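See structure below.
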There are 4 protein chains.
Amino acid sequence: MDTNAPAHDVDAELNRLNEEMVRMNLTPTWHYYSELVSNIPVPSYRAYLWKAGLLDFVMERAGRLVDLARGGERRSFEVVNPDLRHLHGTTHTIGAALQLVKPGEIAPSHRHLASAIRFPVKGTAYTAVNGEKLYMEERDLILTPTWTWHEHGNESGAPIIWIDALDYPFNKLMQVSFFDHYPDGMHPNTKPLDYTANWVGLARPTWERYDEDIPLVNYKWADTYKSLQRYKDRDGSPYDGVLLEYKSPFNDGPVLPTLSCYAQLLRPGEHTRAHRHTSSQVYYVLEGSGHSVIAGERFDWSKGDFFMLPPWALHEHVNGAKGEALFFSIGDRPILDAFKMYREEAYTENGGRQRVERTFQPLPTPRG
Amino acid sequence: MDTNAPAHDVDAELNRLNEEMVRMNLTPTWHYYSELVSNIPVPSYRAYLWKAGLLDFVMERAGRLVDLARGGERRSFEVVNPDLRHLHGTTHTIGAALQLVKPGEIAPSHRHLASAIRFPVKGTAYTAVNGEKLYMEERDLILTPTWTWHEHGNESGAPIIWIDALDYPFNKLMQVSFFDHYPDGMHPNTKPLDYTANWVGLARPTWERYDEDIPLVNYKWADTYKSLQRYKDRDGSPYDGVLLEYKSPFNDGPVLPTLSCYAQLLRPGEHTRAHRHTSSQVYYVLEGSGHSVIAGERFDWSKGDFFMLPPWALHEHVNGAKGEALFFSIGDRPILDAFKMYREEAYTENGGRQRVERTFQPLPTPRG
Amino acid sequence: MDTNAPAHDVDAELNRLNEEMVRMNLTPTWHYYSELVSNIPVPSYRAYLWKAGLLDFVMERAGRLVDLARGGERRSFEVVNPDLRHLHGTTHTIGAALQLVKPGEIAPSHRHLASAIRFPVKGTAYTAVNGEKLYMEERDLILTPTWTWHEHGNESGAPIIWIDALDYPFNKLMQVSFFDHYPDGMHPNTKPLDYTANWVGLARPTWERYDEDIPLVNYKWADTYKSLQRYKDRDGSPYDGVLLEYKSPFNDGPVLPTLSCYAQLLRPGEHTRAHRHTSSQVYYVLEGSGHSVIAGERFDWSKGDFFMLPPWALHEHVNGAKGEALFFSIGDRPILDAFKMYREEAYTENGGRQRVERTFQPLPTPRG
Amino acid sequence: MDTNAPAHDVDAELNRLNEEMVRMNLTPTWHYYSELVSNIPVPSYRAYLWKAGLLDFVMERAGRLVDLARGGERRSFEVVNPDLRHLHGTTHTIGAALQLVKPGEIAPSHRHLASAIRFPVKGTAYTAVNGEKLYMEERDLILTPTWTWHEHGNESGAPIIWIDALDYPFNKLMQVSFFDHYPDGMHPNTKPLDYTANWVGLARPTWERYDEDIPLVNYKWADTYKSLQRYKDRDGSPYDGVLLEYKSPFNDGPVLPTLSCYAQLLRPGEHTRAHRHTSSQVYYVLEGSGHSVIAGERFDWSKGDFFMLPPWALHEHVNGAKGEALFFSIGDRPILDAFKMYREEAYTENGGRQRVERTFQPLPTPRG
């Protein structure tokens, strides 16, 4: 610093330099420091909720209008946070959708870098992954790990609707995407029925290697629900009630390298304490009704709704009804864990309960 | 589908639905499929180059005008890709900067979630990380892993300029950031001199555990340059010449969970073949002059320039001069490797050489 | 060598030196090389078989004569290879035993460095491990990993007989052993019923950590037998038929760091091909009758017999009967795998079948 | 138990049963429990020491009498614990030897399952491992991992003597051994000079994979000795002084899966405190003189002596002289660590110093 120059002249010159630098594609750290690293996360988006009625309305029309034979690759739609339209993201890392497949329809084999999970909410169908056919019943969870060939088919007499959740928004942020159609339309079926289901038992064949990096487990809802019931009378998490994470049978880790999935049970009357974490989460309400308070805003939910949680937003859940409330949810914590970026913090004021400052107004369900 | 309806009516109704859905915060997959997953990466930004003259000009002014004592946290500036201003990013994951510390200056202790590396290009100083003082000489590489306390000081008689590279753009994309000042200004110095340097030798003390998750290695340039020379007469990479990666002494992995660093030597006259990969890279020219062709565009570089490479851009390097060309570079491949998202592809047409379609015009150096 | 000395003088002098060196506690490598490292394994012991009748005879007497209250720590006996008496080993690494616990008896808590498994062959009881009570039914498999507190109790109205298998011979070879009685006789029961069984489901609690390094899985026979049946019509191993390995639910590895356990089904008429490996194995015949050929010797087995296999002995199994043959077996392959010492080799001559050179003559069952 | 029978009859009958069972190849646990698992380790062998004079005397004769060309595979001899002759073991897991190779001699390529290290104590030579020639100077440490082809040659004008240490006793205990001669006598030299030395630097080539599982590091004594000096004025271990472990550059682990190697410096006058551990150790005295107290017995050592430590023996070292004492040593801790069998215990009585109960009397050096 030229110590002879008056300070106001220095300031003026510095201001000029700051402006000039932006035109030079340089960022003066001294001026923008808090934009580079903030003291705590400042998410670019807020929580949102989609009502079952709206989703049903759209799905009914999609069922009528979208003809897979006429070139629609998929009859599905993403629930997209209004602040994340550029990513088509439900959160900044996760895209969740509902998909409808009618009896007799098949979707040809393809693969993509994006990792995916499926979770039927109504009906049955199969997904074939790398040549293994996985029959999905309601609320089963199945996986299509990165770059695995997969196709779907509905051999039943009734339509199926399932949840798709993919990490394509994360891939978009990372600026990476690959996609391929299977050369001859349909990948051949090369595995015996229940190939993986048999394998992942606690006694395993010694004469063959399981040939997928990520096991293609069909997480049956019957088993998951039994586990939820077993923990129903135990304490559970003060912040989440009975929150179970689906696990890889090979390493006690998340189901996919980028995504973890959860089944959650809130007991009648349960009102959890608020906390926040650096992961984002997409929730689907399987049963019950109640509300969640997210960053001071009340979101009323009931069966068939989707809602989502941004990073570092305080949240608590309330099951106001007399029956169980059940959520299926998808989170991105594995991405954060990979780099020690996961953090969690309990809300300690006010007995762990937020003050409700406003109530979320969902879009009205259009009239058919 | 109502099979009695004429197709054009269906199309019209579908189009109306598509439009309506956007207002409902839903994305019709059938309409936007290629936006969700593209066949190959479609980066949102292009390569860019900053000339040494411009950087020197700005640094000279910053040296005069920015007074650390008057509240400038850091006398540094980021080289920011014009397409990535919202991230202040050199690439979408990496922010690189030049920092100037004058004799006698110190920068107080702080820590942030962002991981960082330092690489002095002129002068000497120390960085203290979690209580260990690391003396950096020209072209040494040192690390400040996530959430480590660190501070800098220049005890020499001459200014020091170093490169900072951080993963804060990645953190911003992940919507996570934490920052803390050390309570009492300066973290105490708790480690003997050369604590890590002694530890990482091939014979290590048995009576104490090294107490950092990520070893605070001071990668001395003298050693790195010797390694470059040793491989000078070996084949090297057809795409990169003698490209060495700095490694963790604990696990043969990258220096940081999100960032890898490289020293690169192009032999006189070397013209590498083109390839592309899903990682992005920031280059600093240590010695020599030449040019690189990136996605068909020619970038002429010489000592002291910064340039950067977006994901999936074909690139080849040409050392047109009679001496060695040397780069120091920082890449984000570890992020991609963590999720099997790293891919690499050689350019096989035209003998592996791109056709040059245009030449990058750098900003003119302003006159002092 | 003194090249002027006649060779026979040198030989004589060398012979004298060789003898002298032994007295000096030195081994001349030139003389004993093949004793230090042999071309292939030369096991110090042969296969052996114990008939059910003999085991029953002894157990009946032990039941009458051994009074746990009068100081018998355990009412059990090891099946000991006649060549391995110094180790009390069934093989050189594994000690297998039968244990009888009568109604109302308990065995007080203790722990030892040796890792153990239990496998009831008749009756039910519980084993409590580090405060978790595990109820064992017939043919369930449970674990007591190294240094875990454990105790047994028979709350049923009938005696229980189970197989114990421990790695104490390996520990003896390694010259390491530790043993402790629980200070107050019985370790408290600190875990809810089915603590581990619930945990190891595919959906796991997020609010608590499982607190054992090695999960205390109760491998239920009903599940294991179902798995055997599922693979019954598949090829299986040419050397072992349907050979399933019990697996850790945490890492797809063996049940214990030193021991792996197996359930094996030989289909009616199945005659496997011979092979050999560097691991040793202890077999217990659960069902059926037949014979195995081990290193050219025929061993006839039927329900309730024990037999064992030394390292690198060729072996093949024959189920000569019309029903299934079932084995439970314990092997030491994990010890070998830890050091890349596991090898396997198929016998390719004579269609993979050994010539039977002799038949093993078991001890006669004494008359009660 | 027949509760009507008098106790002495039961005892007599039980005694008869116990005897009978031994003949049936059964071990009554109730009678032999403490032989199966002891409360603490009860090693089968004691410490021992070989004087340099004796070793020199034998080596001089071996040099004269053993002619590699006449069929002596190796001109080396093992130092064998008198209690471990059946294993030819220095300890129960480690065999250490001295080997002499005269100018111009070569030893043809072979490989064995046993893992080995070499440590020249006088002279220079090379060992080639899997095609890489490693030039050993005095006190360098080099490795021949399991099943690697290796050969030796002395291209210098003077004889070389080196220490060999192998895990063949452990292999013998595990009943596994394999050995092969290289088909054509000498494995070709396929690696550039300093292939591994260059690789293991902190900046490594990106265009090639290092092609050995275990890096063939040549641990140069000059570097090791520098490290010892750096820690000379730091506290060091209360039990071992400055005890450095040689480390794998790939994973901070021991140099071999079964063996760890150490360089140790005792400062003038240093008298360490006693402790014991479950690993065994072989020491070679590089410099100085002093004594160690092992399990109450005093062993006086000086330059060129070998001595060894059995498991769980209390030991302390005394450098009574005015100069540094230096040991090179080999231990088997990695075997124990693999199974959580490593334990360590400080001796807390008497200020951590054992009472000396006797003094070891080495064999007299024969007169040439």
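By convention here, the chains of the structure tokens are called A, B, ... in the order presented, each chain's residues are numbered starting at 1, and ligands are numbered starting at 1 in the order presented.
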
Take chain B, superimpose it onto chain A by least squares using every C-alpha atom paired in sequence order, and output the result as a short mmCIF file (atom, residue, chain, number, x, y, z; two decimals) with C-alpha atoms, in the first residue's frame.
data_model
loop_
_atom_site.label_atom_id
_atom_site.label_comp_id
_atom_site.auth_asym_id
_atom_site.auth_seq_id
_atom_site.Cartn_x
_atom_site.Cartn_y
_atom_site.Cartn_z
CA MET B 1 0.01 -0.10 -0.03
CA ASP B 2 1.15 3.40 -0.80
CA THR B 3 1.06 4.60 2.78
CA ASN B 4 1.03 8.24 1.69
CA ALA B 5 -2.20 7.97 -0.25
CA PRO B 6 -5.37 8.93 1.62
CA ALA B 7 -7.46 5.90 2.48
CA HIS B 8 -10.48 7.07 0.51
CA ASP B 9 -8.37 7.27 -2.66
CA VAL B 10 -7.18 3.74 -2.05
CA ASP B 11 -10.75 2.61 -1.55
CA ALA B 12 -11.86 4.24 -4.75
CA GLU B 13 -9.00 2.74 -6.71
CA LEU B 14 -9.66 -0.66 -5.17
CA ASN B 15 -13.31 -0.43 -6.12
CA ARG B 16 -12.32 0.37 -9.69
CA LEU B 17 -9.95 -2.59 -9.67
CA ASN B 18 -12.68 -4.87 -8.30
CA GLU B 19 -14.98 -3.90 -11.14
CA GLU B 20 -12.28 -4.20 -13.74
CA MET B 21 -11.30 -7.63 -12.49
CA VAL B 22 -14.75 -9.03 -13.10
CA ARG B 23 -14.38 -8.04 -16.75
CA MET B 24 -10.99 -9.77 -16.77
CA ASN B 25 -12.63 -13.01 -15.55
CA LEU B 26 -10.96 -12.69 -12.17
CA THR B 27 -12.66 -12.69 -8.78
CA PRO B 28 -11.12 -10.47 -6.09
CA THR B 29 -11.21 -12.79 -3.09
CA TRP B 30 -11.14 -9.85 -0.66
CA HIS B 31 -14.45 -8.68 -2.05
CA TYR B 32 -16.31 -11.93 -2.56
CA TYR B 33 -14.89 -14.10 0.19
CA SER B 34 -18.22 -14.99 1.72
CA GLU B 35 -19.50 -16.06 -1.70
CA LEU B 36 -16.68 -18.54 -2.03
CA VAL B 37 -17.08 -20.10 1.39
CA SER B 38 -20.05 -19.31 3.60
CA ASN B 39 -20.11 -19.94 7.35
CA ILE B 40 -22.95 -22.40 7.05
CA PRO B 41 -24.76 -23.84 4.02
CA VAL B 42 -27.02 -21.41 2.19
CA PRO B 43 -29.15 -23.66 -0.03
CA SER B 44 -30.39 -22.22 -3.31
CA TYR B 45 -33.81 -23.82 -3.00
CA ARG B 46 -36.60 -24.45 -0.55
CA ALA B 47 -38.75 -27.40 0.43
CA TYR B 48 -41.70 -28.26 -1.77
CA LEU B 49 -44.66 -30.66 -1.79
CA TRP B 50 -46.74 -32.24 -4.55
CA LYS B 51 -50.24 -33.48 -3.66
CA ALA B 52 -51.39 -36.93 -4.65
CA GLY B 53 -54.46 -35.46 -6.37
CA LEU B 54 -52.35 -33.42 -8.76
CA LEU B 55 -50.10 -36.39 -9.48
CA ASP B 56 -53.12 -38.63 -10.15
CA PHE B 57 -54.66 -36.06 -12.44
CA VAL B 58 -51.52 -35.84 -14.55
CA MET B 59 -50.95 -39.56 -14.57
CA GLU B 60 -54.48 -40.21 -15.79
CA ARG B 61 -53.85 -37.86 -18.75
CA ALA B 62 -50.40 -39.27 -19.42
CA GLY B 63 -51.96 -42.73 -19.51
CA ARG B 64 -54.37 -41.57 -22.17
CA LEU B 65 -52.04 -39.43 -24.28
CA VAL B 66 -48.55 -40.90 -24.15
CA ASP B 67 -48.13 -43.83 -26.48
CA LEU B 68 -44.87 -45.72 -25.93
CA ALA B 69 -45.22 -47.15 -29.42
CA ARG B 70 -45.33 -43.65 -30.91
CA GLY B 71 -41.92 -42.71 -29.54
CA GLY B 72 -42.43 -41.80 -25.94
CA GLU B 73 -39.37 -43.32 -24.36
CA ARG B 74 -41.00 -43.40 -20.94
CA ARG B 75 -44.46 -42.54 -19.60
CA SER B 76 -43.18 -40.82 -16.51
CA PHE B 77 -42.82 -37.36 -15.06
CA GLU B 78 -40.40 -35.85 -12.60
CA VAL B 79 -41.46 -33.85 -9.55
CA VAL B 80 -39.29 -30.77 -10.02
CA ASN B 81 -38.43 -28.20 -7.43
CA PRO B 82 -39.41 -24.77 -8.82
CA ASP B 83 -35.94 -23.45 -7.91
CA LEU B 84 -34.19 -26.34 -9.69
CA ARG B 85 -35.82 -26.29 -13.11
CA HIS B 86 -32.46 -26.03 -14.87
CA LEU B 87 -31.59 -29.44 -13.39
CA HIS B 88 -35.07 -30.98 -13.63
CA GLY B 89 -34.23 -31.88 -10.06
CA THR B 90 -36.39 -32.79 -7.12
CA THR B 91 -33.36 -31.86 -5.08
CA HIS B 92 -30.04 -30.66 -6.47
CA THR B 93 -28.80 -34.25 -6.70
CA ILE B 94 -31.91 -36.41 -7.02
CA GLY B 95 -34.63 -36.60 -9.65
CA ALA B 96 -37.75 -38.47 -8.57
CA ALA B 97 -40.56 -39.41 -10.91
CA LEU B 98 -43.71 -41.46 -11.21
CA GLN B 99 -43.91 -43.90 -14.09
CA LEU B 100 -46.92 -45.73 -15.53
CA VAL B 101 -46.62 -48.94 -17.52
CA LYS B 102 -49.80 -50.46 -18.88
CA PRO B 103 -50.48 -54.19 -19.25
CA GLY B 104 -48.47 -55.67 -22.09
CA GLU B 105 -46.18 -52.71 -22.48
CA ILE B 106 -42.44 -53.12 -22.47
CA ALA B 107 -39.74 -50.48 -22.44
CA PRO B 108 -36.67 -51.42 -24.50
CA SER B 109 -33.21 -51.98 -22.95
CA HIS B 110 -30.93 -49.09 -22.39
CA ARG B 111 -28.28 -48.00 -19.93
CA HIS B 112 -27.12 -44.68 -18.58
CA LEU B 113 -24.47 -43.39 -16.26
CA ALA B 114 -27.18 -42.27 -13.86
CA SER B 115 -27.89 -44.73 -11.08
CA ALA B 116 -31.56 -45.46 -10.38
CA ILE B 117 -33.95 -47.12 -8.01
CA ARG B 118 -37.57 -48.24 -8.61
CA PHE B 119 -40.32 -48.52 -6.02
CA PRO B 120 -43.80 -49.60 -7.22
CA VAL B 121 -46.65 -47.85 -5.44
CA LYS B 122 -49.39 -49.77 -7.25
CA GLY B 123 -49.36 -52.94 -9.33
CA THR B 124 -46.63 -55.36 -10.38
CA ALA B 125 -44.15 -55.60 -13.23
CA TYR B 126 -40.60 -56.68 -13.85
CA THR B 127 -37.39 -54.83 -14.43
CA ALA B 128 -34.58 -56.81 -16.03
CA VAL B 129 -31.10 -55.59 -15.10
CA ASN B 130 -28.04 -56.96 -16.91
CA GLY B 131 -30.06 -60.00 -17.87
CA GLU B 132 -31.69 -60.72 -14.51
CA LYS B 133 -35.47 -60.37 -14.35
CA LEU B 134 -36.64 -58.84 -11.08
CA TYR B 135 -40.36 -59.07 -10.35
CA MET B 136 -41.47 -56.03 -8.39
CA GLU B 137 -44.52 -56.08 -6.23
CA GLU B 138 -45.96 -53.08 -4.44
CA ARG B 139 -43.39 -51.25 -2.32
CA ASP B 140 -40.50 -53.51 -3.21
CA LEU B 141 -37.28 -51.65 -3.89
CA ILE B 142 -35.03 -52.57 -6.80
CA LEU B 143 -31.85 -51.05 -8.18
CA THR B 144 -30.39 -50.23 -11.55
CA PRO B 145 -26.79 -49.31 -10.78
CA THR B 146 -24.75 -47.10 -13.09
CA TRP B 147 -24.34 -48.31 -16.66
CA THR B 148 -26.38 -51.49 -16.20
CA TRP B 149 -28.63 -52.54 -19.06
CA HIS B 150 -32.23 -52.42 -17.99
CA GLU B 151 -35.71 -52.76 -19.38
CA HIS B 152 -39.20 -52.96 -17.93
CA GLY B 153 -42.26 -54.97 -18.75
CA ASN B 154 -45.76 -55.31 -17.39
CA GLU B 155 -46.93 -58.92 -17.72
CA SER B 156 -49.87 -58.42 -15.36
CA GLY B 157 -53.43 -57.50 -16.25
CA ALA B 158 -53.37 -54.13 -14.51
CA PRO B 159 -51.32 -50.97 -14.86
CA ILE B 160 -48.34 -50.43 -12.62
CA ILE B 161 -47.18 -47.11 -11.21
CA TRP B 162 -43.74 -46.90 -9.68
CA ILE B 163 -41.39 -44.31 -8.33
CA ASP B 164 -38.15 -43.77 -10.21
CA ALA B 165 -35.35 -41.93 -8.46
CA LEU B 166 -32.09 -41.16 -10.23
CA ASP B 167 -28.96 -39.18 -9.52
CA TYR B 168 -29.03 -37.41 -12.91
CA PRO B 169 -29.13 -33.94 -11.30
CA PHE B 170 -25.86 -34.81 -9.55
CA ASN B 171 -24.47 -36.07 -12.84
CA LYS B 172 -25.57 -32.83 -14.51
CA LEU B 173 -23.80 -30.82 -11.81
CA MET B 174 -20.72 -32.95 -12.45
CA GLN B 175 -21.28 -32.36 -16.21
CA VAL B 176 -21.15 -36.06 -16.98
CA SER B 177 -23.77 -38.15 -18.74
CA PHE B 178 -23.72 -41.22 -20.96
CA PHE B 179 -26.63 -43.06 -22.54
CA ASP B 180 -26.92 -46.09 -24.83
CA HIS B 181 -29.70 -48.11 -26.43
CA TYR B 182 -29.20 -51.85 -26.39
CA PRO B 183 -28.23 -52.82 -29.95
CA ASP B 184 -30.99 -55.33 -30.55
CA GLY B 185 -33.80 -53.80 -28.56
CA MET B 186 -33.90 -56.26 -25.68
CA HIS B 187 -31.00 -57.55 -23.62
CA PRO B 188 -31.24 -61.35 -23.36
CA ASN B 189 -32.40 -62.89 -20.12
CA THR B 190 -29.27 -64.71 -18.90
CA LYS B 191 -29.94 -65.39 -15.23
CA PRO B 192 -32.10 -67.97 -13.51
CA LEU B 193 -35.08 -66.66 -11.61
CA ASP B 194 -34.12 -65.34 -8.18
CA TYR B 195 -30.44 -65.44 -9.08
CA THR B 196 -29.58 -62.57 -6.71
CA ALA B 197 -32.26 -63.36 -4.15
CA ASN B 198 -30.78 -66.80 -3.66
CA TRP B 199 -27.24 -65.50 -3.67
CA VAL B 200 -27.66 -62.90 -0.96
CA GLY B 201 -28.83 -65.42 1.59
CA LEU B 202 -26.47 -65.97 4.51
CA ALA B 203 -25.17 -69.22 2.99
CA ARG B 204 -23.75 -68.68 -0.49
CA PRO B 205 -22.52 -70.89 -3.33
CA THR B 206 -18.79 -71.52 -3.32
CA TRP B 207 -18.51 -72.59 -6.94
CA GLU B 208 -19.45 -69.34 -8.66
CA ARG B 209 -18.78 -65.65 -8.21
CA TYR B 210 -21.66 -63.23 -8.08
CA ASP B 211 -21.12 -61.20 -11.21
CA GLU B 212 -22.37 -57.70 -10.43
CA ASP B 213 -20.37 -55.06 -8.55
CA ILE B 214 -23.54 -53.90 -6.86
CA PRO B 215 -25.90 -56.74 -5.96
CA LEU B 216 -29.28 -56.51 -7.69
CA VAL B 217 -31.24 -57.11 -4.53
CA ASN B 218 -35.01 -57.04 -4.68
CA TYR B 219 -35.78 -55.54 -1.27
CA LYS B 220 -39.21 -57.08 -0.63
CA TRP B 221 -41.65 -54.83 1.19
CA ALA B 222 -42.92 -57.74 3.26
CA ASP B 223 -39.46 -58.02 4.84
CA THR B 224 -38.99 -54.29 5.21
CA TYR B 225 -42.36 -53.84 6.85
CA LYS B 226 -41.60 -56.67 9.26
CA SER B 227 -38.39 -54.88 10.23
CA LEU B 228 -40.30 -51.64 10.81
CA GLN B 229 -42.72 -53.47 13.08
CA ARG B 230 -39.88 -55.07 15.06
CA TYR B 231 -38.48 -51.67 15.93
CA LYS B 232 -41.86 -50.08 16.55
CA ASP B 233 -41.68 -50.44 20.30
CA ARG B 234 -38.05 -49.50 20.60
CA ASP B 235 -36.97 -45.88 20.98
CA GLY B 236 -36.08 -45.11 17.39
CA SER B 237 -34.48 -41.85 16.39
CA PRO B 238 -35.61 -38.73 18.27
CA TYR B 239 -35.52 -36.89 14.94
CA ASP B 240 -36.97 -39.49 12.61
CA GLY B 241 -38.88 -42.13 14.55
CA VAL B 242 -38.29 -45.61 13.16
CA LEU B 243 -36.02 -44.79 10.24
CA LEU B 244 -34.46 -47.83 8.58
CA GLU B 245 -31.89 -47.62 5.82
CA TYR B 246 -31.82 -50.23 3.08
CA LYS B 247 -28.34 -51.75 3.03
CA SER B 248 -26.06 -53.49 0.61
CA PRO B 249 -25.68 -57.13 1.69
CA PHE B 250 -22.03 -56.96 0.64
CA ASN B 251 -20.66 -54.16 2.79
CA ASP B 252 -23.27 -52.69 5.13
CA GLY B 253 -23.21 -49.56 2.96
CA PRO B 254 -25.91 -47.67 1.06
CA VAL B 255 -27.77 -49.35 -1.78
CA LEU B 256 -25.98 -47.26 -4.41
CA PRO B 257 -22.74 -45.24 -4.35
CA THR B 258 -24.69 -41.98 -4.65
CA LEU B 259 -28.10 -42.75 -3.16
CA SER B 260 -29.43 -44.22 0.03
CA CYS B 261 -33.02 -45.37 0.53
CA TYR B 262 -35.12 -45.44 3.66
CA ALA B 263 -38.34 -46.83 5.04
CA GLN B 264 -39.74 -44.74 7.88
CA LEU B 265 -42.52 -45.27 10.36
CA LEU B 266 -43.99 -42.53 12.54
CA ARG B 267 -46.01 -43.89 15.41
CA PRO B 268 -49.50 -42.51 16.12
CA GLY B 269 -49.10 -39.10 17.69
CA GLU B 270 -45.32 -39.03 17.26
CA HIS B 271 -43.84 -35.55 16.96
CA THR B 272 -40.10 -35.74 16.33
CA ARG B 273 -37.55 -33.17 17.38
CA ALA B 274 -36.01 -30.92 14.74
CA HIS B 275 -32.54 -31.37 13.29
CA ARG B 276 -30.77 -30.60 10.05
CA HIS B 277 -28.11 -32.21 7.92
CA THR B 278 -26.16 -31.49 4.79
CA SER B 279 -27.89 -34.17 2.76
CA SER B 280 -31.09 -33.62 0.81
CA GLN B 281 -34.01 -36.02 0.82
CA VAL B 282 -37.11 -36.89 -1.23
CA TYR B 283 -40.11 -38.35 0.65
CA TYR B 284 -43.09 -40.27 -0.63
CA VAL B 285 -46.00 -40.81 1.77
CA LEU B 286 -47.02 -44.47 1.73
CA GLU B 287 -49.59 -44.37 4.53
CA GLY B 288 -51.17 -41.94 6.95
CA SER B 289 -51.39 -38.19 7.18
CA GLY B 290 -49.68 -35.52 9.19
CA HIS B 291 -47.32 -32.65 8.64
CA SER B 292 -43.65 -31.77 8.66
CA VAL B 293 -42.15 -28.44 9.63
CA ILE B 294 -39.25 -27.59 7.34
CA ALA B 295 -37.29 -24.39 7.94
CA GLY B 296 -40.25 -22.92 9.79
CA GLU B 297 -42.81 -23.81 7.12
CA ARG B 298 -45.57 -26.34 7.66
CA PHE B 299 -46.14 -28.96 4.98
CA ASP B 300 -49.29 -31.05 5.36
CA TRP B 301 -48.98 -34.44 3.78
CA SER B 302 -51.11 -37.49 3.23
CA LYS B 303 -50.95 -40.76 1.31
CA GLY B 304 -49.55 -40.44 -2.20
CA ASP B 305 -47.87 -37.03 -1.74
CA PHE B 306 -44.25 -36.30 -2.57
CA PHE B 307 -42.25 -33.73 -0.63
CA MET B 308 -38.57 -32.90 -0.37
CA LEU B 309 -36.02 -31.45 1.98
CA PRO B 310 -33.09 -29.22 0.97
CA PRO B 311 -29.69 -29.41 2.71
CA TRP B 312 -29.30 -27.85 6.15
CA ALA B 313 -33.02 -27.15 6.57
CA LEU B 314 -34.35 -27.84 10.06
CA HIS B 315 -37.11 -30.39 9.90
CA GLU B 316 -39.43 -32.30 12.20
CA HIS B 317 -42.26 -34.70 11.44
CA VAL B 318 -45.68 -34.99 13.06
CA ASN B 319 -47.99 -37.97 12.74
CA GLY B 320 -51.20 -36.38 13.95
CA ALA B 321 -53.37 -39.35 13.13
CA LYS B 322 -54.27 -42.49 15.02
CA GLY B 323 -52.65 -44.90 12.57
CA GLU B 324 -49.09 -45.41 11.44
CA ALA B 325 -47.55 -42.98 9.01
CA LEU B 326 -45.11 -44.56 6.55
CA PHE B 327 -42.60 -42.85 4.23
CA PHE B 328 -40.32 -44.20 1.58
CA SER B 329 -37.48 -41.77 0.99
CA ILE B 330 -34.31 -41.30 -1.04
CA GLY B 331 -31.30 -39.29 0.11
CA ASP B 332 -27.90 -38.26 -1.21
CA ARG B 333 -25.88 -38.75 1.95
CA PRO B 334 -23.46 -41.22 0.29
CA ILE B 335 -22.16 -38.41 -1.94
CA LEU B 336 -21.39 -36.30 1.12
CA ASP B 337 -19.95 -39.18 3.11
CA ALA B 338 -17.47 -39.87 0.32
CA PHE B 339 -15.80 -36.53 1.05
CA LYS B 340 -16.46 -35.99 4.76
CA MET B 341 -19.06 -33.38 3.84
CA TYR B 342 -21.89 -34.90 5.84
CA ARG B 343 -22.85 -32.99 9.01
CA GLU B 344 -25.82 -33.16 11.30
CA GLU B 345 -27.04 -30.74 13.95
CA ALA B 346 -29.88 -30.99 16.46
CA TYR B 347 -32.14 -28.00 17.08
CA THR B 348 -31.87 -27.40 20.81
CA GLU B 349 -34.07 -24.36 21.37
CA ASN B 350 -37.72 -24.51 22.28
CA GLY B 351 -37.63 -28.18 23.26
CA GLY B 352 -36.39 -29.10 19.81
CA ARG B 353 -39.51 -27.78 18.08
CA GLN B 354 -39.49 -24.99 15.51
CA ARG B 355 -41.89 -22.08 15.55
CA VAL B 356 -44.19 -22.45 12.53
CA GLU B 357 -43.98 -19.23 10.53
CA ARG B 358 -46.00 -20.11 7.48
CA THR B 359 -47.94 -22.94 5.87
CA PHE B 360 -47.15 -24.27 2.45
CA GLN B 361 -50.01 -23.83 -0.03
CA PRO B 362 -49.97 -26.64 -2.57
CA LEU B 363 -51.27 -26.13 -6.09
CA PRO B 364 -54.96 -26.98 -6.35
CA THR B 365 -55.83 -30.25 -8.03
CA PRO B 366 -57.21 -29.41 -11.47
CA ARG B 367 -60.68 -30.65 -12.22
CA GLY B 368 -60.77 -33.49 -14.72
#
